[in-house]
$ cat coords00.cif   # mmCIF, C-alpha atoms
data_final
#
loop_
_atom_site.label_atom_id
_atom_site.label_comp_id
_atom_site.auth_asym_id
_atom_site.auth_seq_id
_atom_site.Cartn_x
_atom_site.Cartn_y
_atom_site.Cartn_z
CA MET A 6 -21.77 56.06 -69.13
CA PRO A 7 -20.79 53.49 -71.78
CA MET A 8 -20.65 49.79 -70.86
CA LYS A 9 -16.82 49.68 -71.20
CA LYS A 10 -16.48 52.26 -68.42
CA TYR A 11 -18.72 50.19 -66.12
CA VAL A 12 -16.65 47.07 -66.74
CA ALA A 13 -13.41 48.99 -66.15
CA ALA A 14 -14.77 50.49 -62.92
CA ILE A 15 -15.89 47.11 -61.62
CA ALA A 16 -12.54 45.51 -62.50
CA PHE A 17 -10.69 48.35 -60.76
CA VAL A 18 -12.79 47.96 -57.59
CA LEU A 19 -12.51 44.15 -57.49
CA ALA A 20 -8.80 43.86 -58.42
CA PRO A 21 -7.54 43.95 -54.80
CA PHE A 22 -9.85 41.04 -53.90
CA PHE A 23 -8.50 38.92 -56.76
CA LEU A 24 -4.96 39.69 -55.64
CA LEU A 25 -5.77 38.65 -52.07
CA ALA A 26 -7.31 35.41 -53.27
CA GLN A 27 -4.09 34.58 -55.11
CA GLY A 28 -1.82 35.64 -52.22
CA ASN A 29 -0.25 32.22 -51.72
CA SER A 30 0.32 31.46 -55.39
CA GLU A 31 2.58 33.43 -57.71
CA LYS A 32 1.72 31.45 -60.82
CA SER A 33 0.11 28.13 -61.51
CA GLY A 34 2.18 25.38 -59.93
CA THR A 35 3.92 27.58 -57.35
CA VAL A 36 3.17 27.89 -53.64
CA LEU A 37 4.44 31.00 -51.85
CA ILE A 38 4.94 30.50 -48.13
CA HIS A 39 6.08 33.00 -45.50
CA PRO A 40 7.39 32.64 -41.93
CA GLY A 41 4.72 31.40 -39.52
CA GLU A 42 2.40 30.07 -42.24
CA THR A 43 1.00 26.57 -42.67
CA PHE A 44 -0.57 25.44 -45.95
CA TYR A 45 -2.58 22.37 -46.86
CA VAL A 46 -2.00 21.53 -50.52
CA TYR A 47 -4.20 19.42 -52.78
CA PHE A 48 -3.13 18.09 -56.17
CA GLN A 49 -4.63 16.52 -59.24
CA ARG A 50 -2.54 13.45 -59.94
CA ALA A 51 -1.98 11.86 -63.34
CA GLY A 52 0.46 9.00 -62.80
CA ASP A 53 3.47 10.65 -61.16
CA SER A 54 2.64 14.14 -62.44
CA LEU A 55 1.14 16.59 -59.97
CA THR A 56 -0.84 19.74 -60.63
CA ILE A 57 -1.82 21.97 -57.71
CA SER A 58 -5.60 22.12 -57.46
CA ARG A 59 -6.00 23.98 -54.16
CA VAL A 60 -3.94 25.58 -51.40
CA SER A 61 -5.65 26.31 -48.09
CA LYS A 62 -4.77 27.63 -44.64
CA ASP A 63 -7.63 25.60 -43.16
CA ALA A 64 -6.38 22.50 -41.32
CA ASP A 65 -7.37 19.35 -43.20
CA LYS A 66 -6.01 15.85 -42.65
CA ALA A 67 -7.06 14.95 -46.21
CA ALA A 68 -4.47 17.31 -47.72
CA GLN A 69 -1.83 15.47 -49.73
CA LEU A 70 0.95 17.84 -48.70
CA ILE A 71 1.32 19.98 -45.57
CA LEU A 72 3.85 22.82 -45.56
CA LYS A 73 4.80 24.65 -42.39
CA MET A 74 7.36 27.46 -42.31
CA GLY A 75 8.75 28.32 -38.90
CA PRO A 76 8.44 31.85 -37.50
CA LEU A 77 11.02 34.43 -38.53
CA LYS A 78 14.11 34.20 -36.30
CA GLU A 79 17.17 36.20 -37.23
CA ILE A 80 19.47 34.24 -34.93
CA HIS A 81 18.49 30.71 -35.95
CA GLY A 82 17.54 31.24 -39.60
CA THR A 83 14.62 29.59 -41.36
CA MET A 84 12.93 26.17 -41.10
CA LEU A 85 10.44 24.42 -43.39
CA GLN A 86 8.52 21.27 -42.48
CA VAL A 87 7.11 19.25 -45.39
CA GLU A 88 4.71 16.34 -44.85
CA ASN A 89 4.27 14.03 -47.86
CA LYS A 90 1.08 11.96 -47.73
CA PHE A 91 1.65 10.33 -51.10
CA ASP A 92 2.68 6.70 -51.63
CA LYS A 93 5.78 7.82 -53.55
CA ASN A 94 8.69 10.13 -52.80
CA LEU A 95 7.99 13.80 -53.46
CA TYR A 96 10.48 16.01 -55.29
CA TYR A 97 10.16 19.77 -55.64
CA LYS A 98 12.15 22.94 -56.27
CA ALA A 99 12.58 25.91 -53.94
CA GLU A 100 13.55 29.52 -54.41
CA MET A 101 14.34 31.59 -51.32
CA ARG A 102 13.50 35.27 -51.35
CA LEU A 103 14.50 38.24 -49.29
CA LEU A 104 11.69 40.59 -50.30
CA SER A 105 12.96 43.59 -48.33
CA LYS A 106 16.17 43.59 -50.41
CA ASN A 107 14.65 42.28 -53.67
CA LYS A 108 16.95 39.23 -53.67
CA ARG A 109 16.19 35.72 -54.93
CA ALA A 110 18.21 32.52 -55.08
CA ASN A 111 17.45 28.89 -55.86
CA THR A 112 18.21 26.50 -53.03
CA SER A 113 18.53 22.75 -52.85
CA VAL A 114 15.96 20.68 -50.98
CA ALA A 115 15.87 16.98 -50.19
CA PRO A 116 13.11 14.75 -51.54
CA VAL A 117 10.43 13.86 -49.03
CA ILE A 118 10.05 10.11 -48.49
CA ALA A 119 6.59 8.68 -49.11
CA GLY A 120 4.33 9.09 -46.06
CA LYS A 121 6.98 10.93 -44.02
CA LEU A 122 8.03 14.38 -42.78
CA SER A 123 11.04 16.31 -43.96
CA PHE A 124 12.72 19.28 -42.33
CA GLU A 125 14.70 21.84 -44.31
CA SER A 126 16.69 24.55 -42.59
CA TRP A 127 18.79 27.49 -43.67
CA PRO A 128 21.16 29.49 -41.44
CA HIS A 129 19.77 32.83 -42.62
CA VAL A 130 16.46 34.68 -42.77
CA ILE A 131 14.15 33.86 -45.67
CA GLU A 132 11.12 36.10 -46.01
CA GLU A 133 9.40 33.97 -48.67
CA LEU A 134 9.85 30.54 -50.21
CA ALA A 135 8.52 29.78 -53.70
CA LEU A 136 7.94 26.04 -54.02
CA SER A 137 7.27 24.49 -57.44
CA GLY A 138 7.98 21.59 -59.75
CA PHE A 139 6.18 19.03 -57.59
CA GLU A 140 6.54 15.46 -58.86
CA LEU A 141 6.44 11.91 -57.55
CA ARG A 142 9.06 9.23 -58.06
CA ASP A 143 9.33 5.60 -56.99
CA LYS A 144 10.63 4.78 -53.54
#

$ encode --input "coords00.cif" --output "structure tokens"
Amino acid sequence: MPMKKYVAAIAFVLAPFFLLAQGNSEKSGTVLIHPGETFYVYFQRAGDSLTISRVSKDADKAAQLILKMGPLKEIHGTMLQVENKFDKNLYYKAEMRLLSKNKRANTSVAPVIAGKLSFESWPHVIEELALSGFELRDK
């Protein structure tokens, strides 16, 4: 069997593992969070610019950002808790997704004050939130 076939076979076998490893990130700079999940996010910081370096489900007080999406509740909608551990206010963008109906819509979110918690809530079910565009601004 030629070498190209071996490489193709290995890539085919390993592809699901690579997809699982990227399960909480759609593309660089985006965190995908689902009901009931908590993520600990680490950034590389250059001035006020942030680049995601790692997203983990493992509890870690050293994380610079903690995201917690409430469990799915059809009656009460959706809730997101955001904890900003930076010394500046955190701004970000959010897109809500209803995967079962293939619907997406941008939504507004409030900046998170330096060193504080923020709570976002929506009166409807959101199956996935795509969070991106993380940046810091003065208090």

$ closest_residue --input "coords00.cif" --among "A:Ala115, A:Leu122, A:Leu95, A:Leu104" --to "A:Asp143" --atoms "all atoms listed in the file"
A:Leu95

$ closest_residue --input "coords00.cif" --among "A:Thr83, A:Thr43, A:Thr56, A:Gln69" --to "A:Gly120" --atoms "all atoms listed in the file"
A:Gln69

$ resolve_selection --input "coords00.cif" --expression "the PyMOL selection byres ((chain A and resi 129) around 9)" --output "MDAnalysis selection string"
chainID A and resid 78:83 126:128 130:131

$ residues_near_point --input "coords00.cif" --point "(-4.4, 26.4, -43.6)" --cutoff "7 Å" --atoms "all atoms listed in the file" --output "list of chain:residue names"
A:Thr43, A:Phe44, A:Tyr45, A:Ser61, A:Lys62, A:Asp63, A:Ala64

$ axis_aligned_box --input "coords00.cif" --around "stretch 112-131 of chain A" --padding-each-side "3 Å" --output "lines of an AutoDock Vina configuration file"
center_x = 12.7
center_y = 21.7
center_z = -47.2
size_x = 22.8
size_y = 32.0
size_z = 17.6

$ resolve_selection --input "coords00.cif" --expression "the PyMOL selection byres ((chain A and resi 140) around 8)" --output "list in words"
Asp53, Ser54, Leu55, Leu95, Tyr96, Tyr97, Gly138, Phe139, Leu141 and Arg142 of chain A

$ decode --input "coords00.cif" --residues "stretch 34-70 of chain A" --atoms "N, CA and C atoms" --output "short mmCIF file (atom, residue, chain, number, x, y, z; two decimals), in the first residue's frame"
data_model
loop_
_atom_site.label_atom_id
_atom_site.label_comp_id
_atom_site.auth_asym_id
_atom_site.auth_seq_id
_atom_site.Cartn_x
_atom_site.Cartn_y
_atom_site.Cartn_z
N GLY A 34 -10.66 32.16 18.41
CA GLY A 34 -11.26 33.37 18.96
C GLY A 34 -12.73 33.23 19.31
N THR A 35 -13.30 32.06 19.16
CA THR A 35 -14.72 31.84 19.48
C THR A 35 -14.86 30.71 20.49
N VAL A 36 -15.68 30.94 21.51
CA VAL A 36 -15.99 29.90 22.48
C VAL A 36 -17.45 29.51 22.27
N LEU A 37 -17.70 28.22 22.10
CA LEU A 37 -19.06 27.70 21.98
C LEU A 37 -19.46 27.10 23.32
N ILE A 38 -20.56 27.57 23.87
CA ILE A 38 -21.02 27.07 25.16
C ILE A 38 -22.47 26.65 25.04
N HIS A 39 -22.79 25.56 25.75
CA HIS A 39 -24.14 24.97 25.69
C HIS A 39 -24.75 24.93 27.09
N PRO A 40 -26.06 24.80 27.19
CA PRO A 40 -26.71 24.76 28.51
C PRO A 40 -26.06 23.74 29.44
N GLY A 41 -25.83 24.19 30.68
CA GLY A 41 -25.25 23.32 31.70
C GLY A 41 -23.74 23.28 31.72
N GLU A 42 -23.07 23.95 30.78
CA GLU A 42 -21.61 23.91 30.72
C GLU A 42 -20.98 25.08 31.47
N THR A 43 -19.77 24.83 31.97
CA THR A 43 -18.93 25.86 32.57
C THR A 43 -17.57 25.75 31.93
N PHE A 44 -17.03 26.90 31.48
CA PHE A 44 -15.71 26.93 30.86
C PHE A 44 -14.80 27.91 31.58
N TYR A 45 -13.54 27.54 31.65
CA TYR A 45 -12.49 28.37 32.23
C TYR A 45 -11.60 28.78 31.05
N VAL A 46 -11.55 30.08 30.79
CA VAL A 46 -10.89 30.58 29.59
C VAL A 46 -9.62 31.34 29.95
N TYR A 47 -8.57 31.06 29.19
CA TYR A 47 -7.26 31.68 29.37
C TYR A 47 -6.91 32.43 28.09
N PHE A 48 -6.33 33.61 28.25
CA PHE A 48 -5.99 34.45 27.11
C PHE A 48 -4.52 34.80 27.10
N GLN A 49 -4.02 35.13 25.92
CA GLN A 49 -2.75 35.81 25.79
C GLN A 49 -3.13 37.27 25.66
N ARG A 50 -2.50 38.11 26.43
CA ARG A 50 -2.86 39.53 26.44
C ARG A 50 -1.71 40.37 25.90
N ALA A 51 -2.04 41.24 24.96
CA ALA A 51 -1.08 42.21 24.42
C ALA A 51 -1.76 43.57 24.54
N GLY A 52 -1.44 44.29 25.62
CA GLY A 52 -2.14 45.55 25.89
C GLY A 52 -3.60 45.23 26.24
N ASP A 53 -4.51 45.76 25.45
CA ASP A 53 -5.94 45.48 25.68
C ASP A 53 -6.49 44.43 24.72
N SER A 54 -5.64 43.89 23.86
CA SER A 54 -6.05 42.85 22.91
C SER A 54 -5.94 41.48 23.57
N LEU A 55 -6.95 40.66 23.35
CA LEU A 55 -6.98 39.32 23.92
C LEU A 55 -7.07 38.28 22.82
N THR A 56 -6.29 37.22 22.99
CA THR A 56 -6.35 36.07 22.10
C THR A 56 -6.54 34.84 22.97
N ILE A 57 -7.56 34.05 22.68
CA ILE A 57 -7.82 32.84 23.47
C ILE A 57 -6.65 31.89 23.31
N SER A 58 -6.09 31.45 24.46
CA SER A 58 -5.01 30.47 24.41
C SER A 58 -5.47 29.08 24.83
N ARG A 59 -6.50 29.04 25.70
CA ARG A 59 -6.97 27.73 26.16
C ARG A 59 -8.36 27.86 26.75
N VAL A 60 -9.20 26.86 26.50
CA VAL A 60 -10.53 26.77 27.09
C VAL A 60 -10.62 25.39 27.74
N SER A 61 -11.01 25.37 29.01
CA SER A 61 -11.02 24.11 29.75
C SER A 61 -12.32 23.97 30.55
N LYS A 62 -12.73 22.72 30.75
CA LYS A 62 -13.86 22.44 31.64
C LYS A 62 -13.39 22.17 33.06
N ASP A 63 -12.07 22.08 33.25
CA ASP A 63 -11.50 21.80 34.56
C ASP A 63 -11.47 23.08 35.40
N ALA A 64 -12.08 23.02 36.59
CA ALA A 64 -12.14 24.19 37.47
C ALA A 64 -10.74 24.69 37.77
N ASP A 65 -10.55 26.01 37.62
CA ASP A 65 -9.25 26.60 37.87
C ASP A 65 -9.43 28.07 38.23
N LYS A 66 -9.07 28.41 39.46
CA LYS A 66 -9.21 29.80 39.92
C LYS A 66 -8.30 30.75 39.17
N ALA A 67 -7.29 30.24 38.48
CA ALA A 67 -6.35 31.09 37.75
C ALA A 67 -6.90 31.53 36.38
N ALA A 68 -8.02 30.96 35.96
CA ALA A 68 -8.61 31.35 34.67
C ALA A 68 -8.95 32.83 34.69
N GLN A 69 -8.76 33.49 33.56
CA GLN A 69 -9.03 34.92 33.48
C GLN A 69 -10.50 35.23 33.22
N LEU A 70 -11.23 34.23 32.73
CA LEU A 70 -12.64 34.39 32.43
C LEU A 70 -13.34 33.08 32.73
#
